[in-house]
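Beneath this line is the structure, given in structure tokens, with notes to follow.
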Amino acid sequence: MIRRVLPHPFLFVALLVMWLMLNQSLAPGTFVFGALVAFGGSWAMVALDPPRARLRLSRLPPALRLAGRVLVDVFRSNLAVARIILGGAERRTHSGFMTLRLDLTDRYGLAVLAIIMTCTPGTQWVHYDPARGTLLLHVLDLVDERQWANLIKQRYETLLREIFE
């Protein structure tokens, strides 16, 4: 019955909570408007009709390992980017683009990898070519392309494949 009115109830709750947190208010008007926004967002997902993600409880340990790695890497990258920005001009000469062939094909796994690459300071997901399975990535401190490729494939891609494929 609830799915007829609210097709994605978890999304509705998540959007409503996010709205209330962003507005830092529990006023009735804020709550009602947030509920309307969440209701619209929930019905927008029906129009998009995404395929269901296949997550199982057995995939929780690799997901937790991945989350831990990402937290550590984001912290390390923040320090490295601060050193580059605050350092001399010689530290800023190594930025560039690199192409990386990915074995990961699951759309949700690719989305998570895009989020990881974008939220990690010093790296930016630029373009993914699904026909060739290649990722164009911008790296702030690109000294050794192979080292970056190995880092991404070993630290992230293997766990993402274990979780999503």
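Letters A, B, ... go to the chains of the structure tokens in the order shown; residues in each chain start at 1; ligands are counted from 1 in the same order.
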
Practice item. Apply DSSP to the backbone of this structure and, from range 25-122 of chain A, keep only the residues in strand (DSSP E); write these as JSON, numbers by chain. Key: {"A": [96, 97, 98, 99, 100, 101]}

Could you save the residues just selected, with C-alpha atoms, as a JSON list (two decimals), in the first residue's frame?
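Wrote result_17.json, looks like this:
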[["chain", "number", "residue", "atom", "x", "y", "z"],
["A", 96, "GLY", "CA", 48.13, 15.81, -16.11],
["A", 97, "PHE", "CA", 45.60, 13.47, -17.65],
["A", 98, "MET", "CA", 45.88, 9.72, -17.77],
["A", 99, "THR", "CA", 43.85, 6.96, -19.36],
["A", 100, "LEU", "CA", 43.11, 3.83, -17.38],
["A", 101, "ARG", "CA", 41.54, 0.62, -18.67]]

Exercise for review: Write out as JSON, numbers by chain the residues lying within 6 Å of range 117-130 of chain A, counting only C-alpha atoms and excluding same-chain residues fewer than 6 positions away.
Suggested key: {"A": [74, 77, 78, 136, 137, 138, 139, 140]}

Go ahead and write the residues just picked, N, CA and C atoms, as a compact mmCIF listing (two decimals), in the first residue's frame.
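The new file again_2.txt reads:
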# COMPACT_ATOMS: atom_id res chain seq x y z
N VAL A 74 41.50 9.65 1.47
CA VAL A 74 41.06 11.06 1.41
C VAL A 74 41.88 11.89 2.38
N SER A 77 45.37 12.24 0.89
CA SER A 77 45.33 13.12 -0.28
C SER A 77 45.18 14.58 0.13
N ASN A 78 44.42 14.83 1.18
CA ASN A 78 44.31 16.21 1.67
C ASN A 78 45.68 16.74 2.07
N LEU A 136 39.19 8.38 -18.31
CA LEU A 136 40.09 9.52 -18.41
C LEU A 136 40.06 10.21 -17.05
N LEU A 137 41.23 10.36 -16.46
CA LEU A 137 41.34 10.86 -15.09
C LEU A 137 42.36 12.00 -15.08
N HIS A 138 42.06 13.06 -14.34
CA HIS A 138 43.03 14.13 -14.14
C HIS A 138 43.64 13.96 -12.75
N VAL A 139 44.97 14.00 -12.70
CA VAL A 139 45.69 13.82 -11.44
C VAL A 139 46.55 15.05 -11.20
N LEU A 140 46.45 15.61 -10.02
CA LEU A 140 47.20 16.81 -9.68
C LEU A 140 48.70 16.55 -9.61

Point to revise | Contact residues around Ala63 in chain A with only C-alpha atoms at 8 Å, ignoring same-chain residues under 5 positions, as a PyMOL selection string | key: chain A and resi 159-160+163

Dump N, CA and C atoms for the selected residues as a PDB file, in the first residue's frame?
ATOM      1  N   LEU A 159      38.066  -4.324  -4.991  1.00  0.00           N
ATOM      2  CA  LEU A 159      36.987  -4.379  -3.991  1.00  0.00           C
ATOM      3  C   LEU A 159      35.633  -4.051  -4.615  1.00  0.00           C
ATOM      4  N   LEU A 160      35.593  -3.094  -5.511  1.00  0.00           N
ATOM      5  CA  LEU A 160      34.322  -2.755  -6.159  1.00  0.00           C
ATOM      6  C   LEU A 160      33.801  -3.921  -7.000  1.00  0.00           C
ATOM      7  N   ILE A 163      32.305  -6.389  -4.634  1.00  0.00           N
ATOM      8  CA  ILE A 163      31.033  -5.938  -4.070  1.00  0.00           C
ATOM      9  C   ILE A 163      29.912  -5.990  -5.091  1.00  0.00           C
TER      10      ILE A 163
END

Exercise for review: Write out as an MDAnalysis selection string all residues of range 2-160 of chain A that DSSP puts in alpha helix (DSSP H) for this structure's backbone.
Suggested key: chainID A and resid 2:5 9:23 28:48 60:86 107:119 145:152 158:160

Review point. What does the distance between CA of Leu57 in chain A and CA of Met1 in chain A come to in Å, to one decimal place?
Key: 26.9 Å

Review point. Quick one, how far is CA of Arg132 in chain A from CA of Ile116 in chain A?
Key: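 Between CA of Arg132 in chain A and CA of Ile116 in chain A the gap works out to 21.2 Å.
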